[in-house]
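For reference, the structure is listed below as structure tokens.
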Amino acid sequence: MRGETLRESDMPRISYVNGRYVAHRDASVHIEDRGFQFGDGVYEVCEISRGFIVDMTRHLDRLDRSLTELSIAWPMTRKALTVVIREVIRRNRVVDGLVYVQVTRGVASRDFVFPRSDLQPSLVVIARNVDVAAVAKKVENGLKVITVPENRWDRVDIKSTGLLPNVLAKQKAKEAGCQEAWFVDADGKVKEGGSSNAWIVTKDGVLVTRPADHGILRGITRTTLFDVAAKLGYKIEERGFSVAEAKAAREVFLSSATTIAMPIVEIDGQPVANGHPGTITLSLRQAFFDIAEKSPA
Ligand code: PDD
């Protein structure tokens, strides 16, 4: 193999499952894992960029909050988890990609109520590269979104693995030739996307995003974009905005660990502004990496 470039598809993928690093194709959990049966678990997705884990502290803080809200114990110490995360990234040679961390309440005979309190939670860590060129293409073209009525529970501030409404909404978006679905509340205000937070830029150049109360997930990218906006001198208003306001906005974008700030150019088939990615969105995206926390992978 010397002198040959290893293709992504030829690379051995390794994942971490409950104490072991295993070949990804053989990685599995027990059929009575409560994550599998009830969606009784939480997760985090961190971006890996240029060999750095982005905003790991904030992601692990949110993992801690999600676990606490659901009374699930840490599967190991926070320090040990960072070692496992780095090891999975290293073994998969991820330079630009993502790492997925999932903790469930554990394995127990099926019963709705919590099993015994000393149950060992399950831990899965998966890392993979992303196609940087494909992401660049998305940024260049911008994304299209559809709107759907909010039909999730009211604790979406917890990053739970129970994501069926998100799955169905995003599938509907795909079938409509779009890449994201926005959940809209009973008042016609945009909540967030199936896997991202929603933003608009007003005609005056003010960034608007919904307050991170219990109605949305407090995105880590969203939080860091507040730092980026402050640095670049943009004002942020935390308030709800309607679909009509978004359609008439100067710019629209979404944020998540895997997309950073990603332009939206169409809502329900209607172009936003001139139908091209906005310059403020792109400037936020450009500055993000420098301002975010970077931990060597
Ligand atoms: N999703 N809102 C929802 C419903 C999400 O699922 C996500 C992230 C976000 C953005 O959060 P953050 O900036 O911390 O990534 C908002 C991840 C990427 C996913 O499920 O793959």
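We name chains A, B, ... following the order of the structure tokens; residues begin at 1 in each chain, and ligands are numbered from 1 as shown.
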Given 6 Å and only C-alpha atoms and all ligand atoms, residues near ligand 1 as an MDAnalysis selection string: chainID A and resid 45 192:197 217 219:222 255:258
Restricting the output to N, CA and C atoms, write the selected residues as an mmCIF file, in the first residue's frame.
```cif
data_model
loop_
_atom_site.group_PDB
_atom_site.id
_atom_site.type_symbol
_atom_site.label_atom_id
_atom_site.label_comp_id
_atom_site.auth_asym_id
_atom_site.auth_seq_id
_atom_site.Cartn_x
_atom_site.Cartn_y
_atom_site.Cartn_z
ATOM 1 N N VAL A 45 -23.446 15.965 19.159
ATOM 2 C CA VAL A 45 -22.663 15.912 17.917
ATOM 3 C C VAL A 45 -21.705 17.097 17.960
ATOM 4 N N GLU A 192 -37.517 26.073 15.329
ATOM 5 C CA GLU A 192 -36.177 25.676 14.900
ATOM 6 C C GLU A 192 -36.330 24.616 13.820
ATOM 7 N N GLY A 193 -35.221 24.189 13.266
ATOM 8 C CA GLY A 193 -35.261 23.146 12.248
ATOM 9 C C GLY A 193 -35.245 21.763 12.883
ATOM 10 N N GLY A 194 -35.397 20.756 12.047
ATOM 11 C CA GLY A 194 -35.372 19.369 12.512
ATOM 12 C C GLY A 194 -34.048 19.016 13.162
ATOM 13 N N SER A 195 -32.955 19.633 12.717
ATOM 14 C CA SER A 195 -31.653 19.406 13.354
ATOM 15 C C SER A 195 -30.796 20.670 13.332
ATOM 16 N N SER A 196 -31.444 21.825 13.507
ATOM 17 C CA SER A 196 -30.684 23.087 13.474
ATOM 18 C C SER A 196 -31.513 24.203 14.091
ATOM 19 N N ASN A 197 -30.856 25.286 14.482
ATOM 20 C CA ASN A 197 -31.552 26.495 14.933
ATOM 21 C C ASN A 197 -31.782 27.416 13.740
ATOM 22 N N LEU A 217 -33.937 23.679 21.191
ATOM 23 C CA LEU A 217 -32.660 23.245 21.749
ATOM 24 C C LEU A 217 -31.719 24.453 21.754
ATOM 25 N N GLY A 219 -28.743 25.535 20.915
ATOM 26 C CA GLY A 219 -27.642 25.043 20.076
ATOM 27 C C GLY A 219 -26.308 25.610 20.542
ATOM 28 N N ILE A 220 -25.297 24.761 20.518
ATOM 29 C CA ILE A 220 -23.955 25.224 20.886
ATOM 30 C C ILE A 220 -23.442 26.181 19.806
ATOM 31 N N THR A 221 -23.736 25.865 18.562
ATOM 32 C CA THR A 221 -23.320 26.745 17.466
ATOM 33 C C THR A 221 -24.018 28.097 17.607
ATOM 34 N N ARG A 222 -25.287 28.051 17.969
ATOM 35 C CA ARG A 222 -26.063 29.273 18.233
ATOM 36 C C ARG A 222 -25.359 30.117 19.293
ATOM 37 N N SER A 255 -28.233 27.122 11.903
ATOM 38 C CA SER A 255 -26.964 26.800 12.557
ATOM 39 C C SER A 255 -27.042 25.446 13.248
ATOM 40 N N SER A 256 -25.936 24.726 13.162
ATOM 41 C CA SER A 256 -25.764 23.480 13.911
ATOM 42 C C SER A 256 -24.289 23.128 13.850
ATOM 43 N N ALA A 257 -23.902 22.156 14.691
ATOM 44 C CA ALA A 257 -22.489 21.769 14.737
ATOM 45 C C ALA A 257 -21.984 21.273 13.392
ATOM 46 N N THR A 258 -22.856 20.655 12.621
ATOM 47 C CA THR A 258 -22.405 20.085 11.350
ATOM 48 C C THR A 258 -22.525 21.065 10.179
#
```
Would you pick out the contacts of stretch 122-127 of chain A at 9 Å or less, using only C-alpha atoms, so that residues sharing its chain but fewer than 3 positions from it are not included, and give the list as a PyMOL selection string? chain A and resi 13-19+24+29+33-35+41+75-76+84-85+88-89+91-94+97-107
From the DSSP assignment of the backbone, select every residue of stretch 132-282 of chain A that is helix (DSSP H, G or I), and format the answer as a PyMOL selection string. chain A and resi 132-141+164-175+220-232+243-247+279-282
Once DSSP has gone over the backbone, tell me which residues of stretch 23-212 of chain A are in strand (DSSP E), as a PyMOL selection string. chain A and resi 23+41-49+52-54+97-104+122-129+143-149+180-184+190-193+197-201+207-209
Just write the chosen residues, C-alpha atoms, as a PDB file, in the first residue's frame.
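Generated file (part-v5.pdb):
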```
ATOM      1  CA  ALA A  23     -15.046  -2.585  13.964  1.00  0.00           C
ATOM      2  CA  GLY A  41     -31.108   8.472  25.978  1.00  0.00           C
ATOM      3  CA  VAL A  42     -29.307  11.646  25.011  1.00  0.00           C
ATOM      4  CA  TYR A  43     -26.617  12.573  22.541  1.00  0.00           C
ATOM      5  CA  GLU A  44     -24.191  15.205  21.311  1.00  0.00           C
ATOM      6  CA  VAL A  45     -22.663  15.912  17.917  1.00  0.00           C
ATOM      7  CA  CYS A  46     -19.410  17.908  17.852  1.00  0.00           C
ATOM      8  CA  GLU A  47     -17.812  19.290  14.754  1.00  0.00           C
ATOM      9  CA  ILE A  48     -14.218  18.342  14.016  1.00  0.00           C
ATOM     10  CA  SER A  49     -12.528  20.971  11.910  1.00  0.00           C
ATOM     11  CA  PHE A  52      -9.679  20.264  16.248  1.00  0.00           C
ATOM     12  CA  ILE A  53     -12.793  19.363  18.239  1.00  0.00           C
ATOM     13  CA  VAL A  54     -14.927  22.498  18.152  1.00  0.00           C
ATOM     14  CA  GLY A  97     -15.941  15.608  10.290  1.00  0.00           C
ATOM     15  CA  LEU A  98     -17.973  14.923  13.360  1.00  0.00           C
ATOM     16  CA  VAL A  99     -18.025  12.881  16.509  1.00  0.00           C
ATOM     17  CA  TYR A 100     -21.317  11.478  17.840  1.00  0.00           C
ATOM     18  CA  VAL A 101     -21.676  10.640  21.545  1.00  0.00           C
ATOM     19  CA  GLN A 102     -24.752   8.795  22.808  1.00  0.00           C
ATOM     20  CA  VAL A 103     -25.614   7.839  26.356  1.00  0.00           C
ATOM     21  CA  THR A 104     -28.704   5.796  27.192  1.00  0.00           C
ATOM     22  CA  SER A 122     -24.699   2.643  27.701  1.00  0.00           C
ATOM     23  CA  LEU A 123     -22.122   4.721  25.848  1.00  0.00           C
ATOM     24  CA  VAL A 124     -21.521   4.826  22.104  1.00  0.00           C
ATOM     25  CA  VAL A 125     -18.993   7.062  20.332  1.00  0.00           C
ATOM     26  CA  ILE A 126     -18.825   7.263  16.548  1.00  0.00           C
ATOM     27  CA  ALA A 127     -16.589   9.528  14.439  1.00  0.00           C
ATOM     28  CA  ARG A 128     -16.509  10.098  10.732  1.00  0.00           C
ATOM     29  CA  ASN A 129     -15.099  12.391   8.106  1.00  0.00           C
ATOM     30  CA  LEU A 143     -30.372  25.415   1.438  1.00  0.00           C
ATOM     31  CA  LYS A 144     -34.116  25.213   0.910  1.00  0.00           C
ATOM     32  CA  VAL A 145     -36.533  24.703   3.793  1.00  0.00           C
ATOM     33  CA  ILE A 146     -40.174  23.783   4.210  1.00  0.00           C
ATOM     34  CA  THR A 147     -42.316  24.662   7.209  1.00  0.00           C
ATOM     35  CA  VAL A 148     -44.264  22.096   9.246  1.00  0.00           C
ATOM     36  CA  PRO A 149     -46.484  22.459  12.317  1.00  0.00           C
ATOM     37  CA  GLU A 180     -34.424  21.205   6.309  1.00  0.00           C
ATOM     38  CA  ALA A 181     -37.884  21.487   7.860  1.00  0.00           C
ATOM     39  CA  TRP A 182     -38.762  24.331  10.216  1.00  0.00           C
ATOM     40  CA  PHE A 183     -41.159  23.613  13.069  1.00  0.00           C
ATOM     41  CA  VAL A 184     -43.698  26.448  13.376  1.00  0.00           C
ATOM     42  CA  VAL A 190     -40.621  29.646  13.681  1.00  0.00           C
ATOM     43  CA  LYS A 191     -39.168  27.454  16.432  1.00  0.00           C
ATOM     44  CA  GLU A 192     -36.177  25.676  14.900  1.00  0.00           C
ATOM     45  CA  GLY A 193     -35.261  23.146  12.248  1.00  0.00           C
ATOM     46  CA  ASN A 197     -31.552  26.495  14.933  1.00  0.00           C
ATOM     47  CA  ALA A 198     -33.215  29.137  12.757  1.00  0.00           C
ATOM     48  CA  TRP A 199     -32.054  32.721  12.175  1.00  0.00           C
ATOM     49  CA  ILE A 200     -32.961  35.727  10.058  1.00  0.00           C
ATOM     50  CA  VAL A 201     -31.159  38.982   9.314  1.00  0.00           C
ATOM     51  CA  LEU A 207     -29.643  39.013  13.643  1.00  0.00           C
ATOM     52  CA  VAL A 208     -32.844  37.513  15.028  1.00  0.00           C
ATOM     53  CA  THR A 209     -33.216  34.103  16.634  1.00  0.00           C
TER      54      THR A 209
END
```
Residue nearest A:Glu237 - candidates A:Val206, A:Met262, A:Val252, A:Leu225, atoms counted: only C-alpha atoms: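 Distance minimum relative to A:Glu237 lands on A:Val206.
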Can you write out as a Markdown table which residues of stretch 177-249 of chain A fall within 9 Å of stretch 274-294 of chain A, alongside each residue's closest atom pair and its distance in Å to one decimal, counting only C-alpha atoms and ordering rows by chain and ascending residue number?
```
| residue | atom | partner | partner_atom | distance |
| --- | --- | --- | --- | --- |
| A:Val201 | CA | A:Ile280 | CA | 8.0 |
| A:Gly205 | CA | A:Ile280 | CA | 7.9 |
| A:Thr221 | CA | A:Ala292 | CA | 8.8 |
| A:Thr224 | CA | A:Ala292 | CA | 6.3 |
| A:Leu225 | CA | A:Phe288 | CA | 7.1 |
| A:Asp227 | CA | A:Ile291 | CA | 7.3 |
| A:Val228 | CA | A:Phe288 | CA | 6.2 |
| A:Ala229 | CA | A:Leu284 | CA | 6.9 |
| A:Lys231 | CA | A:Ile291 | CA | 8.5 |
| A:Leu232 | CA | A:Leu284 | CA | 7.9 |
| A:Tyr234 | CA | A:Ile280 | CA | 9.0 |
```
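Atom CA of A:Leu63 is positioned 21.2 Å from atom CA of A:Val167.
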Just give me the gap between atom CA of A:Leu81 and atom CA of A:His59 in Å, one decimal is fine.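 Calculated distance between atom CA of A:Leu81 and atom CA of A:His59 is 12.1 Å.
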Distance atom CA of A:Gln171-atom CA of A:Lys138, one decimal place?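 Spanning atom CA of A:Gln171 to atom CA of A:Lys138 is a straight-line distance of 18.2 Å.
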With only C-alpha atoms as the atoms that count, which of A:Trp153, A:Trp74, A:Phe241, A:Phe38 lies nearest to A:Asp118?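 Closest to A:Asp118, using only C-alpha atoms: A:Trp74.
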